[in-house]
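Visitor: Provided herewith: query.csv, CSV, C-alpha atoms.
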```csv
chain,number,residue,atom,x,y,z
A,85,MET,CA,3.8,-31.5,18.6
A,86,GLU,CA,3.2,-34.7,20.5
A,87,ALA,CA,5.0,-33.3,23.5
A,88,PHE,CA,2.2,-30.7,24.0
A,89,ASP,CA,-1.2,-31.5,25.6
A,90,GLN,CA,-4.4,-31.5,23.5
A,91,ALA,CA,-5.4,-27.9,24.4
A,92,THR,CA,-1.9,-26.6,23.5
A,93,GLN,CA,-1.9,-28.5,20.2
A,94,GLN,CA,-5.3,-27.0,19.3
A,95,GLU,CA,-4.2,-23.5,20.2
A,96,LEU,CA,-1.0,-23.9,18.1
A,97,LYS,CA,-3.0,-25.2,15.2
A,98,LYS,CA,-5.4,-22.3,15.4
A,99,PHE,CA,-2.5,-19.8,15.6
A,100,VAL,CA,-0.8,-21.4,12.5
A,101,GLU,CA,-4.1,-21.2,10.6
A,102,GLN,CA,-4.6,-17.6,11.5
A,103,GLU,CA,-1.1,-16.7,10.5
A,104,THR,CA,-1.5,-18.5,7.2
A,105,GLN,CA,-4.7,-16.6,6.5
A,106,LYS,CA,-2.9,-13.3,7.3
A,107,ALA,CA,-0.1,-14.2,4.9
A,108,GLN,CA,-2.5,-15.2,2.1
A,109,MET,CA,-4.4,-11.9,2.6
A,110,GLN,CA,-1.2,-9.9,2.5
A,111,GLN,CA,-0.3,-11.7,-0.8
A,112,THR,CA,-3.7,-11.0,-2.2
A,113,ILE,CA,-3.5,-7.3,-1.3
A,114,HIS,CA,0.0,-7.1,-2.8
A,115,GLU,CA,-1.2,-8.7,-6.1
A,116,PHE,CA,-4.3,-6.5,-6.1
A,117,THR,CA,-2.3,-3.3,-5.6
A,118,GLY,CA,-0.1,-4.2,-8.5
A,119,ARG,CA,-3.1,-5.0,-10.8
A,120,CYS,CA,-4.9,-1.8,-9.9
A,121,TRP,CA,-1.8,0.3,-10.3
A,122,GLU,CA,-1.0,-1.1,-13.7
A,123,SER,CA,-4.7,-0.7,-14.8
A,124,CYS,CA,-5.2,2.8,-13.5
A,125,ILE,CA,-1.8,4.6,-13.5
A,126,THR,CA,-0.6,5.1,-17.1
A,127,GLN,CA,2.0,7.8,-16.5
A,128,ALA,CA,3.5,9.1,-13.3
A,129,LYS,CA,3.2,12.8,-14.3
A,130,SER,CA,3.5,14.2,-10.9
A,131,ASN,CA,3.4,13.3,-7.2
A,132,GLN,CA,-0.4,13.5,-7.2
A,133,LEU,CA,-3.0,11.4,-9.0
A,134,ASP,CA,-5.4,13.1,-11.3
A,135,SER,CA,-9.2,12.7,-11.0
A,136,LYS,CA,-9.4,10.0,-13.7
A,137,GLU,CA,-6.7,7.9,-11.9
A,138,THR,CA,-8.3,8.4,-8.5
A,139,ALA,CA,-11.7,7.3,-9.8
A,140,CYS,CA,-10.2,4.3,-11.5
A,141,LEU,CA,-8.4,3.3,-8.3
A,142,GLN,CA,-11.5,3.7,-6.2
A,143,ASN,CA,-13.5,1.6,-8.7
A,144,CYS,CA,-10.8,-1.1,-8.7
A,145,VAL,CA,-10.7,-1.2,-4.9
A,146,ASN,CA,-14.5,-1.4,-4.6
A,147,ARG,CA,-14.7,-4.2,-7.1
A,148,PHE,CA,-11.9,-6.1,-5.2
A,149,VAL,CA,-13.6,-5.6,-1.8
A,150,ASP,CA,-17.1,-6.6,-3.2
A,151,THR,CA,-15.7,-9.7,-4.8
A,152,SER,CA,-13.7,-10.7,-1.7
A,153,VAL,CA,-16.7,-10.3,0.6
A,154,PHE,CA,-18.8,-12.3,-1.8
A,155,ILE,CA,-16.2,-15.1,-2.0
A,156,VAL,CA,-15.7,-15.2,1.8
A,157,LYS,CA,-19.5,-15.2,2.4
A,158,ARG,CA,-20.2,-17.9,-0.1
A,159,THR,CA,-17.3,-20.1,1.1
A,160,SER,CA,-18.5,-19.8,4.6
A,161,GLU,CA,-22.1,-20.7,3.6
A,162,LEU,CA,-20.8,-23.8,1.7
A,163,HIS,CA,-18.6,-24.8,4.6
A,164,MET,CA,-21.5,-24.6,7.1
A,165,MET,CA,-23.7,-26.5,4.7
A,166,ILE,CA,-21.2,-29.3,4.3
A,167,GLU,CA,-20.4,-29.4,8.0
A,168,SER,CA,-24.1,-29.6,8.9
A,169,LEU,CA,-24.6,-32.5,6.4
A,170,TYR,CA,-21.5,-34.3,7.8
A,171,TRP,CA,-22.6,-33.9,11.4
A,172,SER,CA,-26.3,-34.5,11.0
A,173,PRO,CA,-27.6,-37.8,12.4
A,174,VAL,CA,-27.8,-40.7,9.9
A,175,TRP,CA,-31.6,-40.9,10.3
A,176,ALA,CA,-32.0,-37.2,9.3
A,177,ARG,CA,-29.9,-37.7,6.2
A,178,THR,CA,-31.9,-40.9,5.4
A,179,LYS,CA,-35.1,-39.0,5.9
A,180,VAL,CA,-34.0,-36.2,3.6
A,181,ALA,CA,-32.8,-38.7,1.0
A,182,ASP,CA,-36.1,-40.6,1.2
A,183,SER,CA,-38.2,-37.5,0.9
A,184,GLU,CA,-36.3,-36.5,-2.2
A,185,THR,CA,-36.8,-39.8,-4.0
A,186,ARG,CA,-40.3,-40.6,-3.0
A,187,PRO,CA,-43.2,-38.8,-4.7
A,188,PRO,CA,-45.5,-36.8,-2.3
A,189,PRO,CA,-48.6,-38.6,-1.1
```
Show how you would write the structure in this file as structure tokens.

Guide:
Amino acid sequence: MEAFDQATQQELKKFVEQETQKAQMQQTIHEFTGRCWESCITQAKSNQLDSKETACLQNCVNRFVDTSVFIVKRTSELHMMIESLYWSPVWARTKVADSETRPPP
């Protein structure tokens, strides 16, 4: 990668990260599909799902989506918090630390 300029290296890095995320999401969906199928479909009686199987699959999907959204949101919040602490000026971090250790006047 050293043959590429800085901008191209950054672009390639971003592309690889995006493709890695896509692959991880596809793996998660594959695993999730298998789990929901095993939990909800007890017998393949016909080429259609009955109402119980449909409701079970919908519930399973909704739980997966809710959990995934929660995890992504929380991870993003934590990442932003850590990043803001890392990039905050030293005097701001010292001031926060001092205010936490000193009793109020």

Visitor: Measure the distance from CA of Leu169 in chain A to CA of Thr104 in chain A in Å and round it to one decimal.

Guide: 27.0 Å

Visitor: What's the separation between CA of Leu162 in chain A and CA of Glu101 in chain A, in Å to one decimal place?

Guide: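 That distance, rounded to one decimal, is 19.1 Å.
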
Visitor: For CA of Leu141 in chain A and CA of Cys124 in chain A, quote the distance in Å rounded to one decimal.

Guide: 6.1 Å

Visitor: What's around Gly118 in chain A at 12 Å? Count all atoms listed in the file, leave out sequence neighbours fewer than 6 positions away in its own chain, and write the answer as an mmCIF file with C-alpha atoms, in the frame of the given file.

Guide:
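Output contents, as saved in result_30.cif:
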```
data_model
loop_
_atom_site.group_PDB
_atom_site.id
_atom_site.type_symbol
_atom_site.label_atom_id
_atom_site.label_comp_id
_atom_site.auth_asym_id
_atom_site.auth_seq_id
_atom_site.Cartn_x
_atom_site.Cartn_y
_atom_site.Cartn_z
ATOM 1 C CA GLN A 111 -0.300 -11.700 -0.800
ATOM 2 C CA THR A 112 -3.700 -11.000 -2.200
ATOM 3 C CA CYS A 124 -5.200 2.800 -13.500
ATOM 4 C CA ILE A 125 -1.800 4.600 -13.500
ATOM 5 C CA LEU A 141 -8.400 3.300 -8.300
ATOM 6 C CA CYS A 144 -10.800 -1.100 -8.700
ATOM 7 C CA VAL A 145 -10.700 -1.200 -4.900
#
```

Visitor: Considering all atoms listed in the file, return as a list in words whatever protein or nucleic-acid residues lie within 12 Å of range 135-140 of chain A, sequence-local ones (same chain, fewer than 6 positions apart) excluded.

Guide: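 So, after excluding close chain neighbours, the residues are Arg119, Cys120, Trp121, Glu122, Ser123, Cys124, Ile125, Thr126, Gln127, Ala128, Lys129, Asn146 and Arg147 of chain A.
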